[in-house]
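A.B. asks: Take a look at this one; I'll ask things after.
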Amino acid sequence: MTPFIKKKEVKKEWYLIDAQNIAVGRLAAYISKVLRGKNKSTFNPHIDNGDFVVVTNIDKIKFTGKKFKDKKYYRHTGHPGGIKVTSPLSLKENNKTEQILKLAVKRMLPGGPLAKKQLTKLKIYNGEKHPHEIQKPKIINFDKLNKRNLVS
């Protein structure tokens, strides 16, 4: 049986992932698991015991196959005929490459206020530099975890 922990007992850690030549879906699945806290033995679905994740080099992230051109993101404004469509290619052209990963992670989290709070712990940056050196994030070599994580 998993022990219930209190909010005060939760220890948050910081992780750093370099997204250069990494598959989007695999990275998003791993990040969503860490944000929810499912990688810890003290996981409870109603408590936010996930960790912070810093992702760098998001502008060099890759899709497998033809997904970069063919994949579509749908959203609805709420008005009749208000469906909006974007693609990863159009997001990259508009310098919104961080939205590609953020959308993938957001859709892997459950809906609700807790998931919105967990998504705020995801920090995404285009280059190598990030302002979170003070937190001393643990570096995760995501390409070394599985050979399929790397897209050439």
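By order of appearance in the structure tokens: chains A, B, ..., then residues from 1 within every chain, and ligands from 1 in the order shown.
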Quick one: everything within 7 Å of Lys72 in chain A, counting only C-alpha atoms, minus sequence neighbours fewer than 5 positions away in the same chain. Send it as a list in words.
C.D. replies: Val85, Thr86 and Ser87 of chain A
A.B. asks: Okay, now the selection with C-alpha atoms, as a short mmCIF file (atom, residue, chain, number, x, y, z; two decimals), in the first residue's frame?
C.D. replies:
```cif
data_model
loop_
_atom_site.label_atom_id
_atom_site.label_comp_id
_atom_site.auth_asym_id
_atom_site.auth_seq_id
_atom_site.Cartn_x
_atom_site.Cartn_y
_atom_site.Cartn_z
CA VAL A 85 -6.16 24.26 -37.01
CA THR A 86 -2.39 24.62 -36.65
CA SER A 87 0.54 22.35 -37.42
#
```
A.B. asks: Which residues, written as a list in words, have at least one atom at most 7 Å from Thr56 in chain A, with only C-alpha atoms counted and residues fewer than 4 positions away on the same chain left out?
C.D. replies: Ile17, Asp18, Ala19, Ile124, Tyr125, Asn126, Gly127 and Glu128 of chain A
A.B. asks: Residues as selected, C-alpha atoms, written as a PDB file, in the first residue's frame, can you do that?
C.D. replies:
```pdb
ATOM      1  CA  ILE A  17      16.728  17.665 -20.351  1.00  0.00           C
ATOM      2  CA  ASP A  18      18.460  18.566 -23.618  1.00  0.00           C
ATOM      3  CA  ALA A  19      15.887  18.100 -26.417  1.00  0.00           C
ATOM      4  CA  ILE A 124      11.005  25.381 -21.961  1.00  0.00           C
ATOM      5  CA  TYR A 125      13.876  27.330 -23.586  1.00  0.00           C
ATOM      6  CA  ASN A 126      15.094  27.634 -27.175  1.00  0.00           C
ATOM      7  CA  GLY A 127      18.859  27.681 -26.638  1.00  0.00           C
ATOM      8  CA  GLU A 128      21.328  26.098 -24.245  1.00  0.00           C
TER       9      GLU A 128
END
```
A.B. asks: Using only C-alpha atoms, which of A:Lys92, A:Lys129, A:Lys66, A:Arg26 sits nearest Leu145 in chain A?
C.D. replies: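 So, comparing all the options, the nearest one is A:Arg26.
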A.B. asks: With distances taken over only C-alpha atoms, which residue among A:Lys11, A:Val53, A:Lys38, A:Pro45 lies nearest Lys138 in chain A?
C.D. replies: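 Nearest candidate to Lys138 in chain A out of A:Lys11, A:Val53, A:Lys38, A:Pro45: A:Val53.
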A.B. asks: Rank nothing, just name the residue among A:Glu13, A:Asp59, A:Asp143, A:Asp48 nearest to Thr97 in chain A, using only C-alpha atoms.
C.D. replies: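 Checking each of A:Glu13, A:Asp59, A:Asp143, A:Asp48 against Thr97 in chain A, counting only C-alpha atoms, the winner is A:Asp59.
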A.B. asks: Skip Pro137 in chain A itself and residues of its chain fewer than 3 positions away, then list as JSON, numbers by chain all residues within 6 Å of it, counting only C-alpha atoms.
C.D. replies: {"A": [14, 15, 16]}
A.B. asks: Enumerate, as a count of residues only, the complete set of residues in range 37-121 of chain A that a backbone-based DSSP assignment places in strand (DSSP E or B).
C.D. replies: 14
A.B. asks: Would you mind reading off the distance between CA of Phe43 in chain A and CA of Lys6 in chain A, one decimal, in Å?
C.D. replies: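 Distance reported for this atom pair: 11.5 Å.
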A.B. asks: Would you please extract all helix (DSSP H, G or I) residues from range 1-145 of chain A, as assigned by DSSP on the backbone, and give them as a PyMOL selection string?
C.D. replies: chain A and resi 7-9+24-36+58-60+67-70+88-93+97-106+113-119+133-135+142-145
A.B. asks: When you draw a straight line from CA of Lys62 in chain A to CA of Leu91 in chain A, how long is it in Å?
C.D. replies: 13.5 Å
A.B. asks: When you draw a straight line from CA of Lys121 in chain A to CA of Phe52 in chain A, how long is it in Å?
C.D. replies: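 Result for CA of Lys121 in chain A versus CA of Phe52 in chain A: 4.9 Å, one decimal.
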A.B. asks: I'd like the contact shell of Lys12 in chain A - 8 Å cut-off, only C-alpha atoms, skipping same-chain residues fewer than 4 positions apart - returned as an mmCIF file with N, CA and C atoms, in the first residue's frame.
C.D. replies:
```cif
data_model
loop_
_atom_site.group_PDB
_atom_site.id
_atom_site.type_symbol
_atom_site.label_atom_id
_atom_site.label_comp_id
_atom_site.auth_asym_id
_atom_site.auth_seq_id
_atom_site.Cartn_x
_atom_site.Cartn_y
_atom_site.Cartn_z
ATOM 1 N N ASN A 49 2.825 16.052 -6.283
ATOM 2 C CA ASN A 49 4.156 15.736 -5.795
ATOM 3 C C ASN A 49 5.141 15.534 -6.935
ATOM 4 N N GLY A 50 4.859 16.146 -8.080
ATOM 5 C CA GLY A 50 5.747 16.067 -9.225
ATOM 6 C C GLY A 50 6.920 17.020 -9.094
ATOM 7 N N ASP A 51 7.853 16.906 -10.019
ATOM 8 C CA ASP A 51 9.069 17.701 -9.999
ATOM 9 C C ASP A 51 9.061 18.731 -11.121
ATOM 10 N N PHE A 52 10.013 19.658 -11.047
ATOM 11 C CA PHE A 52 10.188 20.668 -12.079
ATOM 12 C C PHE A 52 11.043 20.090 -13.205
#
```
A.B. asks: Kindly indicate which residue among A:Leu150, A:Ile139, A:Leu103, A:Leu122 lies nearest to Val54 in chain A, using only C-alpha atoms for the distances.
C.D. replies: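 Result for the nearest residue to Val54 in chain A: A:Leu122.
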A.B. asks: Got a sec: who's within 12 Å of Phe4 in chain A, counting only C-alpha atoms, leaving out chain neighbours fewer than 4 positions off, as JSON, numbers by chain?
C.D. replies: {"A": [8, 9, 10, 41, 42, 43, 44, 45, 46, 47, 49]}
A.B. asks: Pull C-alpha atoms from the residues just selected and write them as a PDB file, in the first residue's frame.
C.D. replies:
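Everything below was put into selection_18.pdb:
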```
ATOM      1  CA  LYS A   8       4.508  19.731   3.600  1.00  0.00           C
ATOM      2  CA  GLU A   9       6.378  16.453   3.170  1.00  0.00           C
ATOM      3  CA  VAL A  10       6.632  16.723  -0.632  1.00  0.00           C
ATOM      4  CA  SER A  41       7.104   5.713  -4.920  1.00  0.00           C
ATOM      5  CA  THR A  42       4.928   8.247  -3.064  1.00  0.00           C
ATOM      6  CA  PHE A  43       2.611   8.953  -6.026  1.00  0.00           C
ATOM      7  CA  ASN A  44      -0.952   9.902  -5.187  1.00  0.00           C
ATOM      8  CA  PRO A  45      -3.253  11.131  -7.954  1.00  0.00           C
ATOM      9  CA  HIS A  46      -4.806  13.887  -5.841  1.00  0.00           C
ATOM     10  CA  ILE A  47      -1.527  15.437  -4.594  1.00  0.00           C
ATOM     11  CA  ASN A  49       4.156  15.736  -5.795  1.00  0.00           C
TER      12      ASN A  49
END
```
A.B. asks: Ranking A:Lys7, A:Lys106, A:Lys136, A:Lys147 by minimum distance to Leu35 in chain A and counting only C-alpha atoms, which one comes first?
C.D. replies: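 Of A:Lys7, A:Lys106, A:Lys136, A:Lys147, the one nearest Leu35 in chain A, counting only C-alpha atoms, is A:Lys106.
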A.B. asks: Between A:Phe68, A:Asn21, A:Pro3, A:Lys33, single out the one closest to Pro110 in chain A, counting only C-alpha atoms.
C.D. replies: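 For Pro110 in chain A, the nearest of the given residues is A:Lys33.
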A.B. asks: Extract, using only C-alpha atoms, all DNA, RNA and protein residues at most 12 Å from Asn146 in chain A, discarding same-chain residues fewer than 5 positions from it, and format them as an mmCIF file with N, CA and C atoms, in the first residue's frame.
C.D. replies:
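That gives us selection_1.cif:
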```cif
data_model
loop_
_atom_site.group_PDB
_atom_site.id
_atom_site.type_symbol
_atom_site.label_atom_id
_atom_site.label_comp_id
_atom_site.auth_asym_id
_atom_site.auth_seq_id
_atom_site.Cartn_x
_atom_site.Cartn_y
_atom_site.Cartn_z
ATOM 1 N N ILE A 22 15.652 14.787 -30.259
ATOM 2 C CA ILE A 22 14.840 13.860 -29.475
ATOM 3 C C ILE A 22 13.432 13.808 -30.076
ATOM 4 N N ALA A 23 12.803 12.631 -30.059
ATOM 5 C CA ALA A 23 11.437 12.469 -30.556
ATOM 6 C C ALA A 23 10.453 13.154 -29.606
ATOM 7 N N ARG A 26 7.969 10.796 -27.297
ATOM 8 C CA ARG A 26 8.662 10.086 -26.231
ATOM 9 C C ARG A 26 9.079 11.037 -25.121
ATOM 10 N N LEU A 27 9.553 12.220 -25.517
ATOM 11 C CA LEU A 27 9.953 13.211 -24.520
ATOM 12 C C LEU A 27 8.740 13.710 -23.739
ATOM 13 N N TYR A 30 7.610 11.154 -21.121
ATOM 14 C CA TYR A 30 8.490 11.118 -19.953
ATOM 15 C C TYR A 30 8.274 12.347 -19.074
ATOM 16 N N ASN A 141 20.161 12.420 -19.335
ATOM 17 C CA ASN A 141 20.565 12.141 -20.716
ATOM 18 C C ASN A 141 19.460 11.304 -21.347
ATOM 19 N N VAL A 151 16.300 10.768 -32.745
ATOM 20 C CA VAL A 151 15.866 10.763 -34.141
ATOM 21 C C VAL A 151 16.991 11.343 -34.964
#
```
